[in-house]
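J.: I am sharing data.txt, which consists of compact mmCIF, N, CA and C atoms:
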```txt
# COMPACT_ATOMS: atom_id res chain seq x y z
N MET I 434 137.23 -127.61 -72.20
CA MET I 434 136.43 -126.72 -73.01
C MET I 434 137.31 -126.01 -74.04
N LYS I 435 138.48 -125.60 -73.60
CA LYS I 435 139.39 -124.88 -74.48
C LYS I 435 139.83 -125.78 -75.65
N GLU I 436 140.10 -127.06 -75.34
CA GLU I 436 140.52 -128.01 -76.37
C GLU I 436 139.38 -128.27 -77.35
N ALA I 437 138.14 -128.36 -76.86
CA ALA I 437 136.98 -128.57 -77.74
C ALA I 437 136.83 -127.39 -78.69
N LYS I 438 136.96 -126.18 -78.16
CA LYS I 438 136.86 -124.99 -79.02
C LYS I 438 137.92 -125.02 -80.11
N LYS I 439 139.13 -125.40 -79.75
CA LYS I 439 140.23 -125.46 -80.71
C LYS I 439 139.94 -126.50 -81.80
N LEU I 440 139.44 -127.65 -81.39
CA LEU I 440 139.11 -128.71 -82.36
C LEU I 440 137.96 -128.29 -83.27
N TYR I 441 136.92 -127.69 -82.68
CA TYR I 441 135.80 -127.22 -83.50
C TYR I 441 136.25 -126.17 -84.51
N GLN I 442 137.10 -125.25 -84.07
CA GLN I 442 137.58 -124.21 -84.98
C GLN I 442 138.39 -124.81 -86.11
N GLY I 443 139.22 -125.81 -85.80
CA GLY I 443 139.98 -126.49 -86.84
C GLY I 443 139.08 -127.20 -87.83
N THR I 444 138.01 -127.80 -87.33
CA THR I 444 137.05 -128.48 -88.20
C THR I 444 136.36 -127.46 -89.11
N ILE I 445 135.98 -126.33 -88.56
CA ILE I 445 135.35 -125.28 -89.36
C ILE I 445 136.29 -124.82 -90.45
N ASN I 446 137.56 -124.65 -90.13
CA ASN I 446 138.55 -124.24 -91.14
C ASN I 446 138.65 -125.28 -92.26
N ASP I 447 138.65 -126.56 -91.88
CA ASP I 447 138.70 -127.63 -92.90
C ASP I 447 137.47 -127.58 -93.80
N TYR I 448 136.29 -127.41 -93.20
CA TYR I 448 135.07 -127.33 -94.00
C TYR I 448 135.09 -126.11 -94.91
N SER I 449 135.61 -125.00 -94.41
CA SER I 449 135.70 -123.79 -95.23
C SER I 449 136.57 -124.03 -96.45
N GLU I 450 137.68 -124.72 -96.24
CA GLU I 450 138.57 -125.05 -97.36
C GLU I 450 137.85 -125.95 -98.37
N ALA I 451 137.11 -126.92 -97.89
CA ALA I 451 136.37 -127.81 -98.79
C ALA I 451 135.30 -127.04 -99.57
N ILE I 452 134.65 -126.09 -98.91
CA ILE I 452 133.64 -125.26 -99.60
C ILE I 452 134.32 -124.45 -100.69
N ASN I 453 135.47 -123.86 -100.38
CA ASN I 453 136.20 -123.07 -101.37
C ASN I 453 136.59 -123.91 -102.58
N ARG I 454 136.84 -125.19 -102.35
CA ARG I 454 137.20 -126.08 -103.45
C ARG I 454 135.98 -126.69 -104.13
N LYS I 455 134.79 -126.33 -103.63
CA LYS I 455 133.51 -126.78 -104.19
C LYS I 455 133.35 -128.30 -104.13
N LEU I 456 133.76 -128.90 -103.01
CA LEU I 456 133.65 -130.34 -102.82
C LEU I 456 132.34 -130.66 -102.10
N LYS I 457 131.43 -131.33 -102.78
CA LYS I 457 130.16 -131.76 -102.17
C LYS I 457 129.61 -130.70 -101.23
N ARG I 458 129.36 -129.53 -101.75
CA ARG I 458 129.03 -128.36 -100.95
C ARG I 458 127.84 -128.56 -100.02
N LEU I 459 126.81 -129.24 -100.50
CA LEU I 459 125.61 -129.40 -99.68
C LEU I 459 125.94 -130.09 -98.36
N TYR I 460 126.70 -131.17 -98.43
CA TYR I 460 127.07 -131.91 -97.23
C TYR I 460 127.98 -131.08 -96.34
N ILE I 461 128.91 -130.39 -96.94
CA ILE I 461 129.88 -129.63 -96.18
C ILE I 461 129.22 -128.48 -95.44
N TYR I 462 128.33 -127.76 -96.14
CA TYR I 462 127.61 -126.67 -95.46
C TYR I 462 126.84 -127.21 -94.27
N ASN I 463 126.20 -128.35 -94.44
CA ASN I 463 125.43 -128.95 -93.37
C ASN I 463 126.32 -129.29 -92.18
N HIS I 464 127.41 -129.98 -92.43
CA HIS I 464 128.31 -130.37 -91.34
C HIS I 464 128.99 -129.16 -90.72
N SER I 465 129.36 -128.21 -91.53
CA SER I 465 129.97 -126.99 -91.02
C SER I 465 129.00 -126.27 -90.09
N GLY I 466 127.75 -126.21 -90.49
CA GLY I 466 126.74 -125.57 -89.65
C GLY I 466 126.56 -126.28 -88.32
N GLN I 467 126.62 -127.60 -88.35
CA GLN I 467 126.49 -128.36 -87.11
C GLN I 467 127.64 -128.06 -86.16
N VAL I 468 128.85 -127.99 -86.69
CA VAL I 468 130.02 -127.71 -85.86
C VAL I 468 129.97 -126.28 -85.33
N LYS I 469 129.57 -125.34 -86.17
CA LYS I 469 129.46 -123.95 -85.72
C LYS I 469 128.41 -123.82 -84.61
N HIS I 470 127.35 -124.60 -84.73
CA HIS I 470 126.31 -124.58 -83.70
C HIS I 470 126.88 -125.08 -82.37
N LEU I 471 127.64 -126.16 -82.41
CA LEU I 471 128.26 -126.69 -81.19
C LEU I 471 129.23 -125.68 -80.57
N LEU I 472 130.01 -125.04 -81.42
CA LEU I 472 130.95 -124.03 -80.94
C LEU I 472 130.19 -122.83 -80.35
N ALA I 473 129.09 -122.45 -80.97
CA ALA I 473 128.27 -121.35 -80.46
C ALA I 473 127.72 -121.69 -79.07
N GLN I 474 127.32 -122.94 -78.88
CA GLN I 474 126.83 -123.35 -77.56
C GLN I 474 127.93 -123.21 -76.50
N ILE I 475 129.14 -123.60 -76.85
CA ILE I 475 130.26 -123.47 -75.91
C ILE I 475 130.51 -121.99 -75.61
N GLU I 476 130.54 -121.18 -76.66
CA GLU I 476 130.76 -119.74 -76.46
C GLU I 476 129.68 -119.15 -75.55
N SER I 477 128.46 -119.55 -75.77
CA SER I 477 127.34 -119.06 -74.96
C SER I 477 127.50 -119.49 -73.50
N GLN I 478 127.85 -120.75 -73.27
CA GLN I 478 128.05 -121.25 -71.92
C GLN I 478 129.17 -120.51 -71.20
N GLN I 479 130.15 -120.06 -71.96
CA GLN I 479 131.28 -119.34 -71.36
C GLN I 479 131.02 -117.84 -71.26
N GLY I 480 129.81 -117.43 -71.61
CA GLY I 480 129.45 -116.02 -71.50
C GLY I 480 129.90 -115.15 -72.66
N ASN I 481 130.38 -115.77 -73.73
CA ASN I 481 130.82 -115.03 -74.91
C ASN I 481 129.64 -114.87 -75.87
N THR I 482 128.69 -114.08 -75.45
CA THR I 482 127.43 -113.94 -76.18
C THR I 482 127.63 -113.43 -77.60
N GLU I 483 128.48 -112.43 -77.75
CA GLU I 483 128.69 -111.86 -79.08
C GLU I 483 129.28 -112.89 -80.05
N ALA I 484 130.24 -113.66 -79.58
CA ALA I 484 130.84 -114.70 -80.42
C ALA I 484 129.80 -115.76 -80.77
N ALA I 485 128.96 -116.13 -79.80
CA ALA I 485 127.91 -117.12 -80.06
C ALA I 485 126.92 -116.59 -81.10
N LEU I 486 126.50 -115.34 -80.96
CA LEU I 486 125.55 -114.76 -81.92
C LEU I 486 126.14 -114.73 -83.33
N THR I 487 127.40 -114.40 -83.43
CA THR I 487 128.06 -114.39 -84.74
C THR I 487 128.08 -115.79 -85.34
N LEU I 488 128.38 -116.77 -84.53
CA LEU I 488 128.39 -118.15 -85.03
C LEU I 488 127.00 -118.60 -85.47
N TYR I 489 125.98 -118.25 -84.70
CA TYR I 489 124.61 -118.61 -85.09
C TYR I 489 124.23 -117.94 -86.42
N GLN I 490 124.65 -116.69 -86.59
CA GLN I 490 124.39 -116.01 -87.86
C GLN I 490 125.13 -116.69 -89.01
N ASN I 491 126.34 -117.19 -88.72
CA ASN I 491 127.10 -117.93 -89.73
C ASN I 491 126.40 -119.24 -90.10
N VAL I 492 125.79 -119.89 -89.11
CA VAL I 492 125.04 -121.12 -89.38
C VAL I 492 123.90 -120.81 -90.36
N ILE I 493 123.22 -119.72 -90.12
CA ILE I 493 122.11 -119.33 -91.00
C ILE I 493 122.64 -119.04 -92.41
N SER I 494 123.74 -118.31 -92.51
CA SER I 494 124.33 -118.02 -93.83
C SER I 494 124.75 -119.29 -94.55
N ASP I 495 125.41 -120.19 -93.82
CA ASP I 495 125.82 -121.46 -94.42
C ASP I 495 124.60 -122.26 -94.88
N SER I 496 123.58 -122.28 -94.06
CA SER I 496 122.36 -123.01 -94.41
C SER I 496 121.70 -122.40 -95.64
N ASP I 497 121.66 -121.08 -95.70
CA ASP I 497 121.10 -120.40 -96.88
C ASP I 497 121.85 -120.81 -98.14
N ALA I 498 123.18 -120.82 -98.05
CA ALA I 498 124.00 -121.20 -99.20
C ALA I 498 123.75 -122.65 -99.58
N ALA I 499 123.63 -123.51 -98.58
CA ALA I 499 123.38 -124.93 -98.87
C ALA I 499 122.02 -125.12 -99.54
N ILE I 500 121.02 -124.42 -99.05
CA ILE I 500 119.68 -124.55 -99.61
C ILE I 500 119.65 -124.07 -101.05
N GLN I 501 120.46 -123.08 -101.38
CA GLN I 501 120.51 -122.56 -102.75
C GLN I 501 121.33 -123.44 -103.68
N SER I 502 122.13 -124.34 -103.11
CA SER I 502 122.92 -125.23 -103.95
C SER I 502 122.06 -126.42 -104.36
N GLU I 503 122.65 -127.45 -104.93
CA GLU I 503 121.88 -128.59 -105.39
C GLU I 503 121.00 -129.15 -104.28
N MET I 504 119.81 -129.57 -104.64
CA MET I 504 118.85 -129.99 -103.64
C MET I 504 118.36 -131.42 -103.87
N GLU I 505 119.24 -132.31 -104.24
CA GLU I 505 118.85 -133.69 -104.53
C GLU I 505 118.64 -134.53 -103.28
N CYS I 506 119.28 -134.19 -102.22
CA CYS I 506 119.31 -135.04 -101.03
C CYS I 506 118.30 -134.53 -99.99
N ASP I 507 117.15 -135.22 -99.89
CA ASP I 507 116.13 -134.80 -98.93
C ASP I 507 116.64 -134.90 -97.49
N ALA I 508 117.43 -135.93 -97.19
CA ALA I 508 117.96 -136.07 -95.83
C ALA I 508 118.86 -134.87 -95.49
N CYS I 509 119.64 -134.43 -96.47
CA CYS I 509 120.51 -133.27 -96.24
C CYS I 509 119.68 -132.00 -96.05
N ARG I 510 118.67 -131.83 -96.89
CA ARG I 510 117.81 -130.65 -96.77
C ARG I 510 117.08 -130.64 -95.44
N THR I 511 116.66 -131.83 -94.99
CA THR I 511 116.01 -131.94 -93.69
C THR I 511 116.94 -131.42 -92.60
N ALA I 512 118.17 -131.89 -92.61
CA ALA I 512 119.15 -131.49 -91.60
C ALA I 512 119.49 -130.01 -91.71
N ILE I 513 119.62 -129.51 -92.93
CA ILE I 513 119.97 -128.11 -93.11
C ILE I 513 118.87 -127.19 -92.58
N HIS I 514 117.63 -127.50 -92.90
CA HIS I 514 116.52 -126.68 -92.37
C HIS I 514 116.47 -126.77 -90.85
N HIS I 515 116.72 -127.96 -90.32
CA HIS I 515 116.72 -128.10 -88.87
C HIS I 515 117.84 -127.27 -88.25
N ASN I 516 119.04 -127.35 -88.81
CA ASN I 516 120.17 -126.56 -88.29
C ASN I 516 119.87 -125.07 -88.33
N ARG I 517 119.32 -124.63 -89.47
CA ARG I 517 119.03 -123.21 -89.59
C ARG I 517 117.94 -122.80 -88.59
N GLY I 518 116.94 -123.66 -88.43
CA GLY I 518 115.89 -123.37 -87.45
C GLY I 518 116.44 -123.25 -86.04
N THR I 519 117.36 -124.13 -85.70
CA THR I 519 117.95 -124.11 -84.37
C THR I 519 118.76 -122.84 -84.15
N ALA I 520 119.48 -122.41 -85.18
CA ALA I 520 120.24 -121.15 -85.07
C ALA I 520 119.29 -119.97 -84.94
N LYS I 521 118.22 -119.98 -85.70
CA LYS I 521 117.24 -118.89 -85.60
C LYS I 521 116.60 -118.86 -84.22
N ALA I 522 116.30 -120.03 -83.67
CA ALA I 522 115.72 -120.08 -82.32
C ALA I 522 116.72 -119.53 -81.29
N ALA I 523 118.00 -119.84 -81.47
CA ALA I 523 119.02 -119.32 -80.56
C ALA I 523 119.09 -117.79 -80.64
N LEU I 524 118.75 -117.25 -81.81
CA LEU I 524 118.72 -115.80 -81.99
C LEU I 524 117.35 -115.21 -81.64
N GLU I 525 116.47 -116.07 -81.09
CA GLU I 525 115.12 -115.70 -80.67
C GLU I 525 114.22 -115.26 -81.82
N ASP I 526 114.50 -115.75 -83.01
CA ASP I 526 113.64 -115.54 -84.18
C ASP I 526 112.76 -116.79 -84.32
N TYR I 527 111.85 -116.95 -83.39
CA TYR I 527 111.08 -118.18 -83.26
C TYR I 527 110.15 -118.44 -84.43
N ASP I 528 109.53 -117.40 -84.97
CA ASP I 528 108.63 -117.62 -86.11
C ASP I 528 109.39 -118.19 -87.31
N SER I 529 110.55 -117.64 -87.60
CA SER I 529 111.36 -118.15 -88.71
C SER I 529 111.89 -119.55 -88.40
N ALA I 530 112.23 -119.78 -87.14
CA ALA I 530 112.69 -121.11 -86.74
C ALA I 530 111.59 -122.14 -87.00
N ILE I 531 110.37 -121.79 -86.64
CA ILE I 531 109.24 -122.70 -86.85
C ILE I 531 109.07 -123.00 -88.34
N GLU I 532 109.25 -122.01 -89.19
CA GLU I 532 109.16 -122.24 -90.64
C GLU I 532 110.20 -123.27 -91.09
N ASP I 533 111.40 -123.17 -90.57
CA ASP I 533 112.44 -124.14 -90.93
C ASP I 533 112.12 -125.53 -90.36
N TYR I 534 111.64 -125.57 -89.13
CA TYR I 534 111.26 -126.87 -88.56
C TYR I 534 110.11 -127.48 -89.36
N ASP I 535 109.16 -126.64 -89.79
CA ASP I 535 108.05 -127.13 -90.62
C ASP I 535 108.59 -127.78 -91.90
N MET I 536 109.56 -127.14 -92.53
CA MET I 536 110.13 -127.68 -93.76
C MET I 536 110.88 -128.98 -93.47
N SER I 537 111.60 -129.01 -92.38
CA SER I 537 112.32 -130.22 -91.99
C SER I 537 111.34 -131.38 -91.78
N ILE I 538 110.22 -131.09 -91.14
CA ILE I 538 109.20 -132.11 -90.89
C ILE I 538 108.51 -132.51 -92.19
N LYS I 539 108.29 -131.55 -93.06
CA LYS I 539 107.68 -131.86 -94.37
C LYS I 539 108.57 -132.83 -95.15
N LEU I 540 109.88 -132.60 -95.10
CA LEU I 540 110.83 -133.45 -95.81
C LEU I 540 110.98 -134.82 -95.15
N ASN I 541 110.85 -134.85 -93.82
CA ASN I 541 110.97 -136.11 -93.08
C ASN I 541 110.00 -136.09 -91.91
N PRO I 542 108.78 -136.56 -92.13
CA PRO I 542 107.76 -136.53 -91.08
C PRO I 542 108.09 -137.38 -89.84
N LYS I 543 109.16 -138.15 -89.90
CA LYS I 543 109.54 -138.98 -88.76
C LYS I 543 110.75 -138.42 -88.01
N TYR I 544 111.09 -137.17 -88.26
CA TYR I 544 112.25 -136.54 -87.63
C TYR I 544 111.84 -135.96 -86.27
N ALA I 545 111.98 -136.77 -85.24
CA ALA I 545 111.51 -136.42 -83.90
C ALA I 545 112.14 -135.14 -83.37
N LYS I 546 113.41 -134.95 -83.62
CA LYS I 546 114.12 -133.78 -83.10
C LYS I 546 113.52 -132.47 -83.64
N ALA I 547 113.05 -132.50 -84.90
CA ALA I 547 112.42 -131.30 -85.47
C ALA I 547 111.11 -130.98 -84.75
N TYR I 548 110.32 -132.01 -84.44
CA TYR I 548 109.08 -131.78 -83.68
C TYR I 548 109.39 -131.21 -82.30
N TYR I 549 110.39 -131.79 -81.66
CA TYR I 549 110.76 -131.34 -80.32
C TYR I 549 111.21 -129.88 -80.34
N ASN I 550 112.10 -129.53 -81.27
CA ASN I 550 112.60 -128.16 -81.31
C ASN I 550 111.53 -127.18 -81.77
N ARG I 551 110.64 -127.63 -82.65
CA ARG I 551 109.52 -126.76 -83.03
C ARG I 551 108.64 -126.52 -81.80
N GLY I 552 108.46 -127.54 -80.99
CA GLY I 552 107.70 -127.38 -79.75
C GLY I 552 108.34 -126.36 -78.82
N LYS I 553 109.67 -126.39 -78.72
CA LYS I 553 110.36 -125.40 -77.88
C LYS I 553 110.16 -123.99 -78.41
N ALA I 554 110.21 -123.84 -79.74
CA ALA I 554 110.00 -122.51 -80.34
C ALA I 554 108.58 -122.03 -80.10
N LYS I 555 107.62 -122.94 -80.26
CA LYS I 555 106.22 -122.57 -80.01
C LYS I 555 106.01 -122.21 -78.54
N GLN I 556 106.66 -122.95 -77.66
CA GLN I 556 106.57 -122.67 -76.24
C GLN I 556 107.11 -121.27 -75.94
N ALA I 557 108.21 -120.90 -76.59
CA ALA I 557 108.79 -119.57 -76.39
C ALA I 557 107.84 -118.46 -76.85
N LEU I 558 106.97 -118.80 -77.82
CA LEU I 558 105.98 -117.83 -78.31
C LEU I 558 104.68 -117.88 -77.51
N GLY I 559 104.64 -118.73 -76.50
CA GLY I 559 103.44 -118.83 -75.67
C GLY I 559 102.36 -119.72 -76.26
N GLN I 560 102.69 -120.51 -77.25
CA GLN I 560 101.74 -121.41 -77.90
C GLN I 560 101.81 -122.78 -77.22
N GLN I 561 101.37 -122.83 -75.97
CA GLN I 561 101.58 -124.01 -75.13
C GLN I 561 100.90 -125.26 -75.68
N GLU I 562 99.65 -125.16 -76.14
CA GLU I 562 98.95 -126.35 -76.64
C GLU I 562 99.66 -126.92 -77.88
N ALA I 563 100.04 -126.05 -78.80
CA ALA I 563 100.73 -126.48 -80.01
C ALA I 563 102.09 -127.08 -79.64
N ALA I 564 102.75 -126.50 -78.66
CA ALA I 564 104.04 -127.02 -78.21
C ALA I 564 103.87 -128.41 -77.62
N GLU I 565 102.86 -128.59 -76.79
CA GLU I 565 102.62 -129.91 -76.18
C GLU I 565 102.34 -130.96 -77.24
N ALA I 566 101.62 -130.59 -78.30
CA ALA I 566 101.34 -131.54 -79.39
C ALA I 566 102.64 -131.95 -80.08
N ASP I 567 103.53 -130.99 -80.29
CA ASP I 567 104.83 -131.31 -80.90
C ASP I 567 105.68 -132.18 -79.99
N PHE I 568 105.68 -131.88 -78.70
CA PHE I 568 106.44 -132.69 -77.76
C PHE I 568 105.92 -134.13 -77.73
N ALA I 569 104.59 -134.27 -77.78
CA ALA I 569 103.99 -135.61 -77.78
C ALA I 569 104.37 -136.37 -79.05
N LYS I 570 104.35 -135.69 -80.18
CA LYS I 570 104.72 -136.33 -81.44
C LYS I 570 106.19 -136.74 -81.41
N ALA I 571 107.04 -135.89 -80.90
CA ALA I 571 108.46 -136.20 -80.80
C ALA I 571 108.66 -137.43 -79.92
N LYS I 572 107.96 -137.49 -78.81
CA LYS I 572 108.08 -138.62 -77.88
C LYS I 572 107.55 -139.90 -78.52
N GLU I 573 106.48 -139.77 -79.30
CA GLU I 573 105.94 -140.93 -80.02
C GLU I 573 106.97 -141.49 -81.01
N LEU I 574 107.64 -140.60 -81.72
CA LEU I 574 108.62 -141.01 -82.72
C LEU I 574 109.93 -141.51 -82.12
N ASP I 575 110.31 -140.90 -80.99
CA ASP I 575 111.56 -141.27 -80.34
C ASP I 575 111.37 -141.17 -78.82
N PRO I 576 111.02 -142.27 -78.18
CA PRO I 576 110.77 -142.24 -76.74
C PRO I 576 111.97 -141.77 -75.91
N ASN I 577 113.16 -141.82 -76.47
CA ASN I 577 114.37 -141.40 -75.75
C ASN I 577 114.63 -139.91 -75.84
N LEU I 578 113.85 -139.21 -76.62
CA LEU I 578 114.09 -137.77 -76.81
C LEU I 578 113.61 -136.97 -75.61
```
Go through the file and emit its structure as structure tokens.
T.:
Amino acid sequence: MKEAKKLYQGTINDYSEAINRKLKRLYIYNHSGQVKHLLAQIESQQGNTEAALTLYQNVISDSDAAIQSEMECDACRTAIHHNRGTAKAALEDYDSAIEDYDMSIKLNPKYAKAYYNRGKAKQALGQQEAAEADFAKAKELDPNL
């Protein structure tokens, strides 16, 4: 676990350097957000709640910056909205997470993971029927999910 944290932190530092140099920012923000999310999960599993919350907030900030940058790549935007939604859900901001999942699904209606995670957010809000519909759609699109 310690080695994974070290590698993730090194990756984040590399992405930060690339962002500072303005190299393909949209992709970098997306990948940086994914790595920060993984590191936040590790921090959370180890009981470092404050560190995890900070990382999730950083994912949201990175996603916001990516969304405000060039928006030519629908696949990238799909992933960025999904990443931001997942970070918001981790922070228990389920309504905002659902908005991001909705956008991710709008950009790619076949993105099973977005349906699944939107279902989890709806479930957290007590919207069981809507959650079940999302879970069914996710399973239809990707039986392995």
J.: Can you tell me, as a list in words, what residues are no more than 7 Å from Ala508 of chain I when counting all atoms listed in the file, ignoring any on the same chain fewer than 4 positions away?
T.: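 Near neighbours after the sequence-gap exclusion: Ala512, Ile513 and Leu540 of chain I.
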J.: Got a sec to check which residues sit within 5 Å of (125.5, -126.2, -93.6), counting only N, CA and C atoms, and write them as a PyMOL selection string?
T.: chain I and resi 461-466+495-496
J.: Rounded to one decimal place, report the atom C of Glu505 of chain I-atom C of Ala554 of chain I distance in Å.
T.: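 Between atom C of Glu505 of chain I and atom C of Ala554 of chain I the gap is 28.2 Å.
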J.: May I ask for the distance between atom N of Glu573 of chain I and atom C of Ala520 of chain I, given in Å to one decimal place?
T.: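 These two atoms are separated by 24.2 Å.
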J.: Quick one: pull the distance between atom CA of Glu476 of chain I and atom CA of Ile493 of chain I, Å, one decimal.
T.: 16.9 Å
J.: So, with only C-alpha atoms as the atoms that count, which of I:Ala547, I:Ala485, I:Ala566, I:Cys509 lies closest to Ile531 of chain I?
T.: I:Ala547
J.: Identify which of the residues I:Ala571, I:Ile500, I:Asp528, I:Ser537 lies closest to Gly559 of chain I, counting only C-alpha atoms when measuring atom-to-atom distances.
T.: I:Asp528
J.: I'd like to know which of I:Tyr549, I:Leu558, I:Ala499, I:Leu486 is closest to Leu524 of chain I, using all atoms listed in the file.
T.: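 Closest to Leu524 of chain I, using all atoms listed in the file: I:Leu486.
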J.: Using only C-alpha atoms for the distances, tell me which of I:Lys469, I:Tyr548, I:Gln474, I:Pro576 is nearest to Ala564 of chain I.
T.: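 Checking each candidate against Ala564 of chain I, we get I:Tyr548 as the closest.
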J.: Of the candidates I:Asp526, I:Glu483, I:Cys506, I:Leu574, which one gets nearest to Tyr544 of chain I if we count all atoms listed in the file?
T.: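 Closest to Tyr544 of chain I of all the choices is I:Leu574.
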J.: Nearest residue to Ala545 of chain I out of I:Val468, I:Gln501, I:Lys572, I:Thr487, using only C-alpha atoms?
T.: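 Of the candidates, the smallest distance to Ala545 of chain I is held by I:Lys572.
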J.: Contacts of Lys521 of chain I at 7 Å or less, counting all atoms listed in the file, minus same-chain residues fewer than 5 places along, as a PyMOL selection string?
T.: chain I and resi 489+493+516+526-527+529-530
